[in-house]
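Trainee: I'd like to ask you about the structure that follows.
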Amino acid sequence: MTSVRAVRTVRSVRAPGRWAVLAALVVLAVAMVSPFVIVTLNAFKSPAEYSAGGPLSLPKGLYLDGIIDFWNRVDFGEKFLNSLLISGAVAIAAVVLSVLNAYALGIGRVRGRLWILVLFLVANTLPQESLVYPLYYLSKEVGLYDSKLAVILIFTVIQAAFGTYLLSSVLGQFPREILEAASIDGAGKWRALSRIVVPISRPTLSVLVIFFFIWTWNEFFLPLIFLISNDNQTVPVALGVLQGEKMMDATMSSASALLGIVPAVAFFLIFQRTLTRGVTVGAIK
Amino acid sequence: MLKIGRTAAAAVLAASAMVLAACGGSSDGGGGGSSSGPRTLTLWHYEGADSAMGKAWAQAIKEFEASHPGVTVKFEEKGFEQIQKTAGMVLNSDEAPDVMEYNKGNATAGLLSKQGLLTDLSDEAAKRGWDKLLSPSLQTTARYDDRGIMGSGKWFGIPNYAEYVMVYYNKDAFKKQGIEVPTTFDEFTAALDKFAKAGITPIATGGAEYPAQQIMYLLALSKADRAWVDAFQQYKGKVDFHGPEFTYGAQTFADWVKKGYISKDSAGIKAEDMGVSFIGGKFPIMISGSWWYGRFQEQIKDFDWGSFLWPGGAMAPGSSGNLWVVPEKAKNKDLAYDFIDITMKKDIQNLLGNSGGLPVAADPTAITDPKSKELVENFNKLSSQDGLAFYPDWPAPGYYDVLVAGVQELINGSKSPEQVLDEIAQPYNDNLADIGN
């Protein structure tokens with residue numbers, strides 16, 4: 001009881017500060033959410049309403065034609081499946097690759113691992129624009145230009161570069177005792193990886209899967225270059241169809257943006273418990 | 001695990017190889033005529049389905065399929081940005097389409113023609129009479145020389161529509177102030193003055209994008225002749241940025257801001273917002289291109305509007321629209337030529353005109369919609385007085401941003417017209433040195 005009272009008094013003493021924090025958070029939240037609100041508002045407006053009232057006016061009714069037209073115009077279902085396939089494949093493959101790399105670098109203590117990590121980091125910071133031409137020629141040589149596989153391979157490597165860097169430092173802290181105990185029990189390197197390292201670092205790995213998925217989902221530039229046919233395109237590339245040379249269709253762009261955001265947000269909401277768990281596990285360590 | 005991964009990868013590879021093979025097979029029949037089985041014409045463009053071009057070209061696809069039994073048209077709508085960013089790479093690969101829409105200009109079609117990625121259309125243009133359908137100023141953007149500079153040399157593209165900058169006006173607002181449609185430049189400035197005195201900013205413009213620089217260019221054009229335009233756009237002579245043309249343009253533009261004809265806040269306004277503010281009736285005048293026409297026809301419901309040619313001179317920014325180009329690596333060039341030919345036919349051109357577009361080879365009497373008629377007649381007048389002066393940002397790569405920055409400084413009053421002219425002269429002259437003039 002006494003401790004509760006103590007906490008209460010501390011709380012009331014801190015009240016003004018807390019209110020300031022709350023106010024700052026509210027302002028921040030409004031700033032973060034307002035673009036989404038504006039996009040949503042305009043997605044349900046007819047072009048005439050938009051022209052008459054500007055972007056901030058409230059829609060008079062629910063105008064769904066923008067969304068339906070856009071869906072049909074770009075065959076959104078197909079683009080959605082493409083994005084899902086590419087992002088899903090990249091997320092899984094990049095995490096598998098990262099774990100294998102990081103196992104060698106973080107736990108295996110390969111010679112020169114610091115330099116290997118620096119190399120990965122440099123690769124990770126390279127702007128994609130500088131990669132375009134080499135990748136274009138390579139993919140043309142092997143006959144993968146304009147194929148989803150090219151994009152999957154490229155992003156698996158790009159994301160795994162970051163994943164390797166991150167996981168190597170995480171696994172560098174891995175308790176040696178557990179591994180030694182396992183090896184005394186007769187576990188080989190493969191067994192130690194699959195039965196001990198992966199299960200223990202699963203929260204971190206799931207966070208990586210989610211991040212890789214969302215990052216790949218939102219990628220625009222390389223898919224724009226490599227997915228030439230409309231049958232192969234991803235959601236962000238399809239959104240680009242609406243931006244004309246001198247014209248933009250604000251309401252349909254909003255409708256398309258809404259369609260484009262929803263899957264990523266939904267994915268995030270479904271897995272956000274995993275996310276927070278992964279983050280807290282990291283924090284306790 | 002590993003084994004499964006490998007077989008899956010092999011399966012994907014095999015599948016993509018099959019797709020590739022299928023693509024190759026369907027297009028191998030080039031030149032052989034109809035006996036070689038079903039063929040496909042791959043067509044890309046980036047005009048919205050509701051736009052005038054979108055409607056006309058959809059009809060052209062139908063007619064093409066009707067007149068070419070056994071050929072299917074595989075049409076893909078592309079984004080403008082995707083074509084801009086990837087055209088060079090796509091056209092250099094086996095994925096090139098048979099015919100596509102592409103931007104006119106030295107930095108786009110000119111560059112690709114120089115790299116050998118576009119098919120020379122000169123023979124077809126002569127054989128099918130496209131060269132007779134297109135007026136000389138429209139041909140400028142269709143022909144490129146060995147350096148990729150427009151205006152002369154071989155035909156690398158065929159424009160299907162045109163565009164020009166005009167004055168849009170709100171008839172109701174004019175009536176309210178008792179202003180007649182101005183026919184001379186003095187009447188025009190008098191009208192602007194009357195609005196300004198009544199507390200209304202007359203001209204809607206956007207300094208953050210192309211509209212404001214086109215107004216400055218228009219003003220410069222009122223002191224210019226065709227030789228000056230040729231010098232500026234095609235490097236056929238020296239351009240003095242402190243000569244009477246640009247000095248007048250920049251000075252008058254700055255004066256208009258000072259007098260309240262152009263809002264001081266317009267430096268940060270984008271083209272889209274300019275259009276929306278005119279549609280919303282907030283400004284009585286908007287000076288911009290024919291690409292707004294179809295949208296205004298559809299969306300302006302609350303007031304009566306019209307357009308007239310720039311009263312300040314015989315020339316205005318304008319040119320052919322984007323081009324049909326045939327990639328050098330296209331597999332069905334004969335079909336591509338047939339398709340271009342259909343889009344140049346009277347009925348498709350008339351449809352384009354009646355949908356709010358600006359056809360290049362329409363029959364003026366077949367344009368029935370009164371608003372569209374006004375657009376086409378004004379264009380024919382401008383074209384017949386050799387008035388298409390292209391766009392100010394064309395002559396040098398990256399010049400668009402230079403002009404945006406310069407005109408914004410004029411609007412903000414942060415630099416004098418002379419300083420701004422110095423600023424925009426520098427990149428222009430640097431480019432001249434680069435191309436060896």
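Every chain in the structure tokens has a letter given in the order shown (A, B, ...), and although residue numbers restart at 1 in each chain, ligands are simply numbered from 1 in the order shown.
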I want to know what sits within 6 Å of segment 255-259 of chain A, based on only C-alpha atoms, with residues of the same chain fewer than 3 positions away left out; could you give that as a VMD selection string?
Mentor: chain A and resid 43 66 to 67 252 262
Trainee: Please produce a file of the residues just selected, as a PDB file, in the first residue's frame, where the atoms kept are C-alpha atoms.
Mentor:
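As a result, result.pdb now contains:
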ATOM      1  CA  ALA A  43      -9.513   8.324 -52.165  1.00  0.00           C
ATOM      2  CA  GLY A  66     -11.636   5.696 -58.065  1.00  0.00           C
ATOM      3  CA  ILE A  67     -10.589   2.551 -56.254  1.00  0.00           C
ATOM      4  CA  MET A 252      -7.262   8.131 -58.339  1.00  0.00           C
ATOM      5  CA  VAL A 262      -3.206  -1.285 -46.877  1.00  0.00           C
TER       6      VAL A 262
END
Trainee: For Val96 of chain A, find every residue with an atom within 12 Å (counting only C-alpha atoms), except residues of its own chain fewer than 2 positions away, and show them as a ChimeraX atom specification.
Mentor: /A:89-94,98-103,156-157,159-161,163-164,167,193-194,198,202,205-206,208-209,212 /B:1-2,5
Trainee: What are the residues of chain B lining chain A at 7 Å or less? Count only C-alpha atoms, and put the answer as a ChimeraX atom specification.
Mentor: /B:76,78-80,82,86,276,279-280,299
Trainee: Write out as a PyMOL selection string which residues come within 9 Å of Phe174 of chain A when counting only C-alpha atoms, dropping same-chain ones fewer than 4 positions away.
Mentor: chain A and resi 106-107+170+178-179+197
Trainee: As a list of chain:residue names, please: every residue in segment 49-181 of chain B that a backbone DSSP assignment puts in strand (DSSP E or B).
Mentor: B:Val71, B:Thr72, B:Val73, B:Lys74, B:Phe75, B:Glu76, B:Glu77, B:Val99, B:Met100, B:Glu101, B:Tyr102, B:Leu118, B:Arg143, B:Tyr144, B:Met150, B:Lys154, B:Trp155, B:Ile158, B:Pro159, B:Tyr161, B:Ala162, B:Glu163, B:Tyr164, B:Val165, B:Met166, B:Val167, B:Tyr168, B:Tyr169, B:Asn170
Trainee: What does the file look like for those residues with C-alpha atoms, as a compact mmCIF listing (two decimals), in the first residue's frame?
Mentor:
# COMPACT_ATOMS: atom_id res chain seq x y z
CA VAL B 71 -2.75 -10.46 -85.34
CA THR B 72 -3.50 -9.65 -81.73
CA VAL B 73 -2.45 -6.39 -80.15
CA LYS B 74 -0.80 -6.74 -76.77
CA PHE B 75 -1.29 -3.30 -75.27
CA GLU B 76 0.39 -2.37 -72.00
CA GLU B 77 -0.30 0.92 -70.26
CA VAL B 99 5.78 0.37 -81.20
CA MET B 100 5.67 2.77 -78.29
CA GLU B 101 4.91 6.32 -77.29
CA TYR B 102 7.99 8.28 -76.35
CA LEU B 118 15.27 3.72 -82.84
CA ARG B 143 13.41 14.46 -87.09
CA TYR B 144 16.82 14.20 -85.51
CA MET B 150 15.89 17.87 -83.56
CA LYS B 154 16.06 11.38 -90.46
CA TRP B 155 12.58 10.67 -89.16
CA ILE B 158 5.69 10.23 -85.77
CA PRO B 159 3.64 12.68 -83.69
CA TYR B 161 -1.28 14.96 -81.67
CA ALA B 162 -0.14 18.48 -80.93
CA GLU B 163 -0.14 20.93 -78.05
CA TYR B 164 0.16 24.68 -77.54
CA VAL B 165 -0.06 27.23 -74.77
CA MET B 166 -3.11 29.48 -74.75
CA VAL B 167 -5.10 31.73 -72.46
CA TYR B 168 -7.98 30.07 -70.65
CA TYR B 169 -10.52 32.48 -69.25
CA ASN B 170 -13.55 32.44 -67.02
Trainee: When you draw a straight line from atom CA of Ile210 of chain A to atom CA of Ser168 of chain A, how long is it in Å?
Mentor: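 Distance reported for this atom pair: 18.4 Å.
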Trainee: Quick one: distance from atom CA of Leu97 of chain A to atom CA of Tyr165 of chain A in Å, one decimal?
Mentor: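 Atom CA of Tyr165 of chain A lies at a distance of 11.6 Å from atom CA of Leu97 of chain A.
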Trainee: With only C-alpha atoms as the counted atoms, please give the residues lying no more than 9 Å from Gly151 of chain B, apart from itself and same-chain residues fewer than 3 positions off, as a list in words.
Mentor: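 My list of contacting residues is Ser137, Gln139, Thr140, Thr141, Ala142, Arg143, Tyr144, Asp145 and Gln234 of chain B.
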Trainee: Mind giving me the straight-line distance from atom CA of Pro203 of chain A to atom CA of Arg191 of chain A in Å, one decimal?
Mentor: 19.4 Å
Trainee: Going by DSSP on the backbone, which residues of segment 7-249 of chain A come out as helix (DSSP H, G or I)? List them as a ChimeraX atom specification.
Mentor: /A:7-43,47-53,65-74,76-107,113-125,128-141,148-172,176-184,189-200,202-218,221-226,230-232,235-242
Trainee: Can you pull out the residues contacting segment 208-219 of chain B? Cut-off 10 Å, using only C-alpha atoms, and skip same-chain residues under 3 positions away; I want them as a VMD selection string.
Mentor: (chain A and resid 246) or (chain B and resid 165 to 166 204 to 205 222 to 224 245 to 254 262 266 to 272 274 286 to 289 310 312 to 313 315 to 317 389 to 393 400 to 401 403 to 408 410 to 411)
Trainee: Quick one: residues within 12 Å of Asn429 of chain B, only C-alpha atoms, excluding same-chain residues fewer than 6 positions away - as a PyMOL selection string?
Mentor: chain B and resi 232+235+238-241+395-397+399+422-423+435-437
